[in-house]
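Take a look at the structure set out below.
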Amino acid sequence: MIIVLKHGSGEAEIQQVVGRLEEEGFRVHLSQGVEKTLIGAIGDRSRLKALDLEAWPFVDKVVPILSPYKLVSREFHPADSVVRVGGHEIGGAAIHVMAGPCAVESRAQLLETAEAVKAAGATFLRGGAFKPRTSPYSFQGLEEEGLRYLAEARERTGLHVITEVVDVRDVPLVAAYADILQIGARNMQNFLLLKEVAKAGKPVMLKRGPAATLEEWLMAAEYILDGGNYQVIFCERGIRTFETYTRNTLDLSMVPALHALSHLPVIVDPSHGTGRWQLVAPMAKAALAAGADGLIVEVHPHPDKAVSDGKQSLTPENFAVMMRDLARLAPALERPFQGAAG
Ligand code: PEP
Ligand code: MN
């Protein structure tokens, strides 16, 4: 439910409503605009009826949130949410680029990639230490050793680290090293994992499941917010369709759709979204034009030798070219670009 207060309501009135709602066990979120004060309340509807808030003199109206997702919805929180990671704001004005290898393969490979993406203007380093692979015989990741290399790369470059957690048992370990926890596409509806990352005290990037509808994706995010963690970023990474030329079909319509339905930031992964490095830069540009708050891109110093996703990985040189192009595009979109124009 959204409780809209009458124009001119002050702090005392707001506190009166919030206090009563909290007494009744509601989860409350306040949005104070210049024109209106909105109080979002999630809880037992029958108790709200008993409060009869519409009869209160300074309450304008009580509006139900009709969607099945509540905390995630734009109605609940009309302003854009910003996810803050050490001085950076994802979902604010500036566009951020996260870049790095699919998998952390070795210390040398990671440090070389980190230096290169930093020089080209990335603000976050990506790299999987736990790899969810289609085949059990494929490389599964360096695990904690990989996390240590990510932390070392952060110290050397100042890049913040985003890395995937695939198992509830590893959440505390990964959270100890990562700045943002990545929930991979295959785990989007792993509800136990979602509940666990909600408790980790770190922002979470939630990738879209390969066959998930928008509503299923929003509901998955709702689990994390319901668990008390409002620091959630959506990541569109393509879905399974009949097309086989591309690895997935990158559904960029989700960017404006998510921005309309939710207050949370949205980033796009054109690497997994296409599976082909030649398509990454064009789709990155399209993603920003569609309103994405950032990108996550795979970069490898030697894509032909990569243990995973080499076909979709940019070389550091190609990444730098893409970043220069994005820096030129950003002013037209009226968004500051974090990347160095090189
Ligand atoms: C990845 O980011 O390397 C990854 C495994 O992505 P996804 O979960 O989107 O397949
Ligand atoms: Mn990958």
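Following the order of the structure tokens, chains are lettered A, B, ..., residues in each are numbered from 1, and ligands are numbered from 1.
Using only C-alpha atoms and all ligand atoms, we find that the residues with an atom at most 7 Å from any atom of ligand 1 are Cys102, Ala103, Gly128, Lys131, Pro132, Ile183, Gly184, Ala185, Arg186, Lys207, Arg237 and His272 of chain A.
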Selection from above, N, CA and C atoms, as a PDB file, in the first residue's frame, can you write it?
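And here's again.pdb as it stands now:
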ATOM      1  N   CYS A 102      36.120 -13.719 -17.925  1.00  0.00           N
ATOM      2  CA  CYS A 102      35.020 -14.570 -17.483  1.00  0.00           C
ATOM      3  C   CYS A 102      35.429 -15.235 -16.179  1.00  0.00           C
ATOM      4  N   ALA A 103      36.573 -15.929 -16.223  1.00  0.00           N
ATOM      5  CA  ALA A 103      37.062 -16.639 -15.040  1.00  0.00           C
ATOM      6  C   ALA A 103      38.429 -16.105 -14.635  1.00  0.00           C
ATOM      7  N   GLY A 128      35.192 -14.471 -12.447  1.00  0.00           N
ATOM      8  CA  GLY A 128      34.563 -15.537 -11.678  1.00  0.00           C
ATOM      9  C   GLY A 128      35.601 -16.406 -10.991  1.00  0.00           C
ATOM     10  N   LYS A 131      32.810 -20.921 -10.920  1.00  0.00           N
ATOM     11  CA  LYS A 131      32.217 -20.877 -12.259  1.00  0.00           C
ATOM     12  C   LYS A 131      31.100 -21.908 -12.414  1.00  0.00           C
ATOM     13  N   PRO A 132      29.881 -21.441 -12.683  1.00  0.00           N
ATOM     14  CA  PRO A 132      28.807 -22.394 -12.959  1.00  0.00           C
ATOM     15  C   PRO A 132      28.934 -22.826 -14.419  1.00  0.00           C
ATOM     16  N   ILE A 183      24.779 -12.689  -8.730  1.00  0.00           N
ATOM     17  CA  ILE A 183      23.955 -13.903  -8.820  1.00  0.00           C
ATOM     18  C   ILE A 183      23.824 -14.205 -10.306  1.00  0.00           C
ATOM     19  N   GLY A 184      24.306 -15.355 -10.701  1.00  0.00           N
ATOM     20  CA  GLY A 184      24.347 -15.723 -12.108  1.00  0.00           C
ATOM     21  C   GLY A 184      22.973 -16.098 -12.642  1.00  0.00           C
ATOM     22  N   ALA A 185      22.895 -16.099 -13.970  1.00  0.00           N
ATOM     23  CA  ALA A 185      21.628 -16.373 -14.641  1.00  0.00           C
ATOM     24  C   ALA A 185      21.018 -17.702 -14.177  1.00  0.00           C
ATOM     25  N   ARG A 186      21.871 -18.701 -14.034  1.00  0.00           N
ATOM     26  CA  ARG A 186      21.345 -20.031 -13.677  1.00  0.00           C
ATOM     27  C   ARG A 186      20.799 -20.079 -12.254  1.00  0.00           C
ATOM     28  N   LYS A 207      21.426 -11.301 -12.189  1.00  0.00           N
ATOM     29  CA  LYS A 207      21.308 -11.524 -13.632  1.00  0.00           C
ATOM     30  C   LYS A 207      19.962 -12.159 -13.960  1.00  0.00           C
ATOM     31  N   ARG A 237      21.224 -10.153 -19.509  1.00  0.00           N
ATOM     32  CA  ARG A 237      22.344 -10.892 -20.116  1.00  0.00           C
ATOM     33  C   ARG A 237      21.889 -11.804 -21.248  1.00  0.00           C
ATOM     34  N   HIS A 272      27.745 -12.063 -22.614  1.00  0.00           N
ATOM     35  CA  HIS A 272      26.899 -13.259 -22.587  1.00  0.00           C
ATOM     36  C   HIS A 272      25.657 -13.063 -23.457  1.00  0.00           C
TER      37      HIS A 272
END
Using only C-alpha atoms and all ligand atoms, I'd like a table of the residues in chain A that come within 10 Å of ligand 2; for each, show the closest atom pair and its distance in Å rounded to one decimal, ordered by chain and ascending number, as CSV.
residue,atom,partner,partner_atom_place_in_ligand_line,distance
A:Gly100,CA,ligand 2,1 (Mn),9.8
A:Pro101,CA,ligand 2,1 (Mn),7.5
A:Cys102,CA,ligand 2,1 (Mn),4.1
A:Ala103,CA,ligand 2,1 (Mn),6.9
A:Arg126,CA,ligand 2,1 (Mn),9.9
A:Gly127,CA,ligand 2,1 (Mn),8.5
A:Gly128,CA,ligand 2,1 (Mn),7.9
A:Lys131,CA,ligand 2,1 (Mn),8.4
A:Pro132,CA,ligand 2,1 (Mn),9.2
A:Arg133,CA,ligand 2,1 (Mn),9.3
A:Gly184,CA,ligand 2,1 (Mn),9.8
A:Asp269,CA,ligand 2,1 (Mn),9.8
A:Ser271,CA,ligand 2,1 (Mn),7.6
A:His272,CA,ligand 2,1 (Mn),6.4
A:Gly275,CA,ligand 2,1 (Mn),9.0
A:Val297,CA,ligand 2,1 (Mn),9.1
A:Glu298,CA,ligand 2,1 (Mn),6.9
A:Val299,CA,ligand 2,1 (Mn),9.9
A:Val307,CA,ligand 2,1 (Mn),9.9
A:Ser308,CA,ligand 2,1 (Mn),6.4
A:Asp309,CA,ligand 2,1 (Mn),5.2
A:Gly310,CA,ligand 2,1 (Mn),8.5
A:Lys311,CA,ligand 2,1 (Mn),9.9
A:Gln312,CA,ligand 2,1 (Mn),8.1
A:Ser313,CA,ligand 2,1 (Mn),8.5
- Task: Please provide the set of residues having any atom within 9 Å of range 55-68 of chain A, restricted to only C-alpha atoms, with same-chain residues fewer than 2 positions apart removed, written as a PyMOL selection string.
- Result: chain A and resi 1-9+13+17+51-53+70+73+75-76+215+219
Keeping only N, CA, C and O atoms, write the selected residues as a PDB file, in the first residue's frame.
ATOM      1  N   MET A   1       0.844  -1.197   0.000  1.00  0.00           N
ATOM      2  CA  MET A   1       0.000   0.000   0.000  1.00  0.00           C
ATOM      3  C   MET A   1       0.876   1.242   0.000  1.00  0.00           C
ATOM      4  O   MET A   1       1.942   1.250   0.613  1.00  0.00           O
ATOM      5  N   ILE A   2       0.374   2.275  -0.665  1.00  0.00           N
ATOM      6  CA  ILE A   2       1.063   3.560  -0.634  1.00  0.00           C
ATOM      7  C   ILE A   2       0.139   4.537   0.079  1.00  0.00           C
ATOM      8  O   ILE A   2      -1.032   4.681  -0.305  1.00  0.00           O
ATOM      9  N   ILE A   3       0.649   5.178   1.089  1.00  0.00           N
ATOM     10  CA  ILE A   3      -0.145   6.185   1.796  1.00  0.00           C
ATOM     11  C   ILE A   3       0.350   7.556   1.333  1.00  0.00           C
ATOM     12  O   ILE A   3       1.533   7.888   1.502  1.00  0.00           O
ATOM     13  N   VAL A   4      -0.539   8.306   0.699  1.00  0.00           N
ATOM     14  CA  VAL A   4      -0.164   9.623   0.188  1.00  0.00           C
ATOM     15  C   VAL A   4      -0.637  10.665   1.192  1.00  0.00           C
ATOM     16  O   VAL A   4      -1.823  10.725   1.523  1.00  0.00           O
ATOM     17  N   LEU A   5       0.317  11.471   1.687  1.00  0.00           N
ATOM     18  CA  LEU A   5      -0.062  12.509   2.663  1.00  0.00           C
ATOM     19  C   LEU A   5      -0.478  13.782   1.944  1.00  0.00           C
ATOM     20  O   LEU A   5      -0.030  14.056   0.833  1.00  0.00           O
ATOM     21  N   LYS A   6      -1.311  14.557   2.598  1.00  0.00           N
ATOM     22  CA  LYS A   6      -1.762  15.826   1.999  1.00  0.00           C
ATOM     23  C   LYS A   6      -0.601  16.797   1.933  1.00  0.00           C
ATOM     24  O   LYS A   6       0.321  16.742   2.773  1.00  0.00           O
ATOM     25  N   HIS A   7      -0.658  17.674   0.938  1.00  0.00           N
ATOM     26  CA  HIS A   7       0.361  18.701   0.752  1.00  0.00           C
ATOM     27  C   HIS A   7       0.521  19.489   2.056  1.00  0.00           C
ATOM     28  O   HIS A   7      -0.459  19.839   2.690  1.00  0.00           O
ATOM     29  N   GLY A   8       1.763  19.732   2.450  1.00  0.00           N
ATOM     30  CA  GLY A   8       2.009  20.531   3.655  1.00  0.00           C
ATOM     31  C   GLY A   8       2.144  19.705   4.925  1.00  0.00           C
ATOM     32  O   GLY A   8       2.386  20.260   5.996  1.00  0.00           O
ATOM     33  N   SER A   9       2.006  18.389   4.821  1.00  0.00           N
ATOM     34  CA  SER A   9       2.183  17.558   6.025  1.00  0.00           C
ATOM     35  C   SER A   9       3.629  17.645   6.494  1.00  0.00           C
ATOM     36  O   SER A   9       4.551  17.609   5.677  1.00  0.00           O
ATOM     37  N   GLU A  13       3.456  14.680  11.477  1.00  0.00           N
ATOM     38  CA  GLU A  13       2.399  13.868  10.861  1.00  0.00           C
ATOM     39  C   GLU A  13       3.003  12.597  10.260  1.00  0.00           C
ATOM     40  O   GLU A  13       2.456  11.497  10.399  1.00  0.00           O
ATOM     41  N   VAL A  17       2.151   8.568  11.298  1.00  0.00           N
ATOM     42  CA  VAL A  17       1.726   7.480  10.406  1.00  0.00           C
ATOM     43  C   VAL A  17       2.745   6.339  10.458  1.00  0.00           C
ATOM     44  O   VAL A  17       2.378   5.160  10.638  1.00  0.00           O
ATOM     45  N   LEU A  51      -6.758   0.251  10.616  1.00  0.00           N
ATOM     46  CA  LEU A  51      -6.187   1.562  10.979  1.00  0.00           C
ATOM     47  C   LEU A  51      -7.014   2.716  10.407  1.00  0.00           C
ATOM     48  O   LEU A  51      -6.943   3.830  10.912  1.00  0.00           O
ATOM     49  N   ASP A  52      -7.738   2.432   9.325  1.00  0.00           N
ATOM     50  CA  ASP A  52      -8.591   3.414   8.654  1.00  0.00           C
ATOM     51  C   ASP A  52      -7.853   4.732   8.386  1.00  0.00           C
ATOM     52  O   ASP A  52      -8.317   5.820   8.749  1.00  0.00           O
ATOM     53  N   LEU A  53      -6.705   4.602   7.751  1.00  0.00           N
ATOM     54  CA  LEU A  53      -5.840   5.770   7.543  1.00  0.00           C
ATOM     55  C   LEU A  53      -6.497   6.867   6.715  1.00  0.00           C
ATOM     56  O   LEU A  53      -6.186   8.046   6.906  1.00  0.00           O
ATOM     57  N   LYS A  70       6.533  -5.743  -4.614  1.00  0.00           N
ATOM     58  CA  LYS A  70       6.138  -4.545  -3.860  1.00  0.00           C
ATOM     59  C   LYS A  70       7.353  -3.631  -3.639  1.00  0.00           C
ATOM     60  O   LYS A  70       7.406  -2.520  -4.136  1.00  0.00           O
ATOM     61  N   SER A  73       9.043  -2.253  -6.603  1.00  0.00           N
ATOM     62  CA  SER A  73       8.248  -1.478  -7.563  1.00  0.00           C
ATOM     63  C   SER A  73       8.514   0.019  -7.478  1.00  0.00           C
ATOM     64  O   SER A  73       8.861   0.556  -6.435  1.00  0.00           O
ATOM     65  N   GLU A  75       6.253   2.173  -7.691  1.00  0.00           N
ATOM     66  CA  GLU A  75       5.218   2.801  -6.854  1.00  0.00           C
ATOM     67  C   GLU A  75       5.698   2.920  -5.412  1.00  0.00           C
ATOM     68  O   GLU A  75       5.478   3.921  -4.755  1.00  0.00           O
ATOM     69  N   PHE A  76       6.350   1.885  -4.943  1.00  0.00           N
ATOM     70  CA  PHE A  76       6.811   1.863  -3.555  1.00  0.00           C
ATOM     71  C   PHE A  76       7.894   2.905  -3.317  1.00  0.00           C
ATOM     72  O   PHE A  76       8.000   3.489  -2.248  1.00  0.00           O
ATOM     73  N   GLU A 215       8.512 -10.525 -14.989  1.00  0.00           N
ATOM     74  CA  GLU A 215       7.888 -10.585 -13.663  1.00  0.00           C
ATOM     75  C   GLU A 215       8.614 -11.566 -12.734  1.00  0.00           C
ATOM     76  O   GLU A 215       8.789 -11.301 -11.547  1.00  0.00           O
ATOM     77  N   MET A 219      10.322 -10.615  -9.210  1.00  0.00           N
ATOM     78  CA  MET A 219       9.998 -11.351  -7.985  1.00  0.00           C
ATOM     79  C   MET A 219      11.267 -11.905  -7.323  1.00  0.00           C
ATOM     80  O   MET A 219      11.352 -11.989  -6.099  1.00  0.00           O
TER      81      MET A 219
END
- Backbone DSSP call of alpha helix (DSSP H) for range 118-224 of chain A, listed as JSON, numbers by chain: {"A": [118, 119, 120, 144, 145, 146, 147, 148, 149, 150, 151, 152, 153, 154, 155, 156, 157, 171, 172, 173, 174, 175, 176, 177, 191, 192, 193, 194, 195, 196, 197, 198, 214, 215, 216, 217, 218, 219, 220, 221, 222, 223, 224]}
Within 10 Å of Met322 in chain A, counting only C-alpha atoms, which residues show up once you throw out same-chain ones fewer than 6 positions away? Write them as a CSV table (one decimal) with all heavy atoms, in the first residue's frame, please.
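Listed below is the output, out.csv:
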chain,number,residue,atom,x,y,z
A,120,ALA,N,41.7,1.8,-19.4
A,120,ALA,CA,40.7,2.1,-20.4
A,120,ALA,C,39.5,2.8,-19.8
A,120,ALA,O,38.6,3.3,-20.5
A,120,ALA,CB,40.3,0.9,-21.2
A,280,VAL,N,29.9,-7.2,-29.3
A,280,VAL,CA,29.8,-6.7,-28.0
A,280,VAL,C,29.8,-5.1,-28.0
A,280,VAL,O,28.9,-4.5,-27.3
A,280,VAL,CB,31.0,-7.2,-27.1
A,280,VAL,CG1,31.2,-6.4,-25.8
A,280,VAL,CG2,30.9,-8.7,-26.9
A,281,ALA,N,30.7,-4.5,-28.7
A,281,ALA,CA,30.7,-3.0,-28.7
A,281,ALA,C,29.4,-2.4,-29.3
A,281,ALA,O,28.8,-1.5,-28.7
A,281,ALA,CB,31.9,-2.5,-29.4
A,282,PRO,N,28.9,-2.9,-30.4
A,282,PRO,CA,27.6,-2.4,-30.9
A,282,PRO,C,26.5,-2.5,-29.9
A,282,PRO,O,25.7,-1.6,-29.7
A,282,PRO,CB,27.3,-3.2,-32.2
A,282,PRO,CG,28.7,-3.7,-32.6
A,282,PRO,CD,29.5,-3.9,-31.4
A,284,ALA,N,26.8,-2.8,-26.7
A,284,ALA,CA,27.1,-2.0,-25.5
A,284,ALA,C,26.5,-0.6,-25.8
A,284,ALA,O,25.9,0.0,-24.9
A,284,ALA,CB,28.6,-1.9,-25.2
A,285,LYS,N,26.8,-0.1,-27.0
A,285,LYS,CA,26.3,1.3,-27.4
A,285,LYS,C,24.7,1.3,-27.3
A,285,LYS,O,24.1,2.2,-26.8
A,285,LYS,CB,26.8,1.7,-28.8
A,285,LYS,CG,28.2,1.9,-28.8
A,285,LYS,CD,28.7,2.2,-30.2
A,285,LYS,CE,30.1,1.8,-30.4
A,285,LYS,NZ,30.6,1.6,-31.8
A,314,LEU,N,36.6,-9.5,-25.3
A,314,LEU,CA,37.4,-8.5,-26.0
A,314,LEU,C,38.8,-8.6,-25.6
A,314,LEU,O,39.1,-8.9,-24.5
A,314,LEU,CB,36.8,-7.1,-25.7
A,314,LEU,CG,35.4,-6.8,-26.1
A,314,LEU,CD1,35.0,-5.4,-25.6
A,314,LEU,CD2,35.2,-7.0,-27.6
A,316,PRO,N,42.2,-6.4,-24.7
A,316,PRO,CA,42.3,-5.1,-24.0
A,316,PRO,C,42.3,-4.0,-25.1
A,316,PRO,O,41.7,-2.9,-24.8
A,316,PRO,CB,43.7,-5.2,-23.3
A,316,PRO,CG,43.8,-6.6,-23.0
A,316,PRO,CD,43.2,-7.3,-24.2
A,328,ARG,N,32.3,8.9,-26.1
A,328,ARG,CA,31.8,9.9,-27.1
A,328,ARG,C,30.3,9.9,-27.1
A,328,ARG,O,29.7,10.9,-27.4
A,328,ARG,CB,32.4,9.6,-28.5
A,328,ARG,CG,33.8,10.1,-28.7
A,328,ARG,CD,34.1,10.4,-30.1
A,328,ARG,NE,34.1,9.2,-30.9
A,328,ARG,CZ,35.3,8.5,-31.2
A,328,ARG,NH1,36.4,9.0,-30.7
A,328,ARG,NH2,35.3,7.4,-31.8
- Could you pull out the residues in range 4-183 of chain A that DSSP calls strand (DSSP E) from the backbone, as a ChimeraX atom specification? /A:4-5,27-32,37-42,59-63,83-85,88-90,96-100,124-126,160-164,180-183
- Message: At a cut-off of 12 Å, using only C-alpha atoms, what residues contact Asp251 in chain A? Leave out same-chain residues fewer than 3 positions from it and give the result as number ranges by chain.
- Response: A: 208-214, 235-241, 248, 254-258, 267-270, 272-274, 283, 286-287, 290
List as an mmCIF file with C-alpha atoms, in the first residue's frame the protein and nucleic acid residues near Ala129 in chain A, meaning an atom at most 8 Å away when only C-alpha atoms are counted, but skip any in the same chain fewer than 3 places from it.
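Printed below is part-v8.cif as written:
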data_model
loop_
_atom_site.group_PDB
_atom_site.id
_atom_site.type_symbol
_atom_site.label_atom_id
_atom_site.label_comp_id
_atom_site.auth_asym_id
_atom_site.auth_seq_id
_atom_site.Cartn_x
_atom_site.Cartn_y
_atom_site.Cartn_z
ATOM 1 C CA ALA A 103 37.062 -16.639 -15.040
ATOM 2 C CA VAL A 104 40.018 -15.814 -12.843
ATOM 3 C CA GLY A 141 37.132 -21.865 -10.967
ATOM 4 C CA LEU A 142 40.061 -21.195 -8.626
ATOM 5 C CA GLU A 143 37.676 -20.596 -5.705
ATOM 6 C CA GLU A 144 39.304 -18.833 -2.728
ATOM 7 C CA GLU A 145 42.635 -18.501 -4.525
ATOM 8 C CA GLY A 146 40.769 -16.602 -7.261
ATOM 9 C CA LEU A 147 39.120 -14.358 -4.667
ATOM 10 C CA THR A 163 32.270 -11.742 -8.532
ATOM 11 C CA GLU A 164 29.742 -14.542 -8.597
#
- Using only C-alpha atoms: which of A:Glu54, A:Leu71, A:Phe319, A:Gly291 has the shortest distance to Arg335 in chain A: A:Gly291
- Message: Give me the residues near Thr123 in chain A as number ranges by chain, where near means some atom within 7 Å (using only C-alpha atoms) and where sequence neighbours in that chain fewer than 6 positions away do not count.
- Response: A: 96-98, 159-160
Go ahead and dump the residues you just picked, N, CA, C and O atoms, as a PDB file, in the first residue's frame.
ATOM      1  N   HIS A  96      28.639   3.339 -15.507  1.00  0.00           N
ATOM      2  CA  HIS A  96      29.798   2.566 -15.036  1.00  0.00           C
ATOM      3  C   HIS A  96      30.049   1.355 -15.930  1.00  0.00           C
ATOM      4  O   HIS A  96      29.101   0.735 -16.416  1.00  0.00           O
ATOM      5  N   VAL A  97      31.316   1.023 -16.110  1.00  0.00           N
ATOM      6  CA  VAL A  97      31.659  -0.175 -16.862  1.00  0.00           C
ATOM      7  C   VAL A  97      32.437  -1.130 -15.952  1.00  0.00           C
ATOM      8  O   VAL A  97      33.445  -0.760 -15.352  1.00  0.00           O
ATOM      9  N   MET A  98      31.934  -2.348 -15.877  1.00  0.00           N
ATOM     10  CA  MET A  98      32.584  -3.433 -15.138  1.00  0.00           C
ATOM     11  C   MET A  98      33.230  -4.317 -16.185  1.00  0.00           C
ATOM     12  O   MET A  98      32.572  -4.681 -17.161  1.00  0.00           O
ATOM     13  N   LEU A 159      40.259  -0.597  -8.563  1.00  0.00           N
ATOM     14  CA  LEU A 159      38.982  -1.074  -9.120  1.00  0.00           C
ATOM     15  C   LEU A 159      38.205  -1.803  -8.026  1.00  0.00           C
ATOM     16  O   LEU A 159      38.806  -2.486  -7.193  1.00  0.00           O
ATOM     17  N   HIS A 160      36.898  -1.695  -8.059  1.00  0.00           N
ATOM     18  CA  HIS A 160      36.085  -2.470  -7.136  1.00  0.00           C
ATOM     19  C   HIS A 160      35.770  -3.816  -7.780  1.00  0.00           C
ATOM     20  O   HIS A 160      35.806  -3.945  -9.005  1.00  0.00           O
TER      21      HIS A 160
END
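Among the candidates A:Gly91, A:Gly201, A:Gly121, A:Pro303, the one nearest to Ala327 in chain A when counting only C-alpha atoms is A:Gly121.
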- Message: Given only C-alpha atoms as the basis, pick out the residue of A:Glu222, A:Glu334, A:Glu24, A:Glu317 nearest to Arg47 in chain A.
- Response: A:Glu24
- Nearest to Ala292 in chain A, chosen from A:Arg324, A:Arg276, A:His259, A:Lys199, with only C-alpha atoms counted in the distances: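 Looking only at the distances to Ala292 in chain A, the closest residue turns out to be A:His259.
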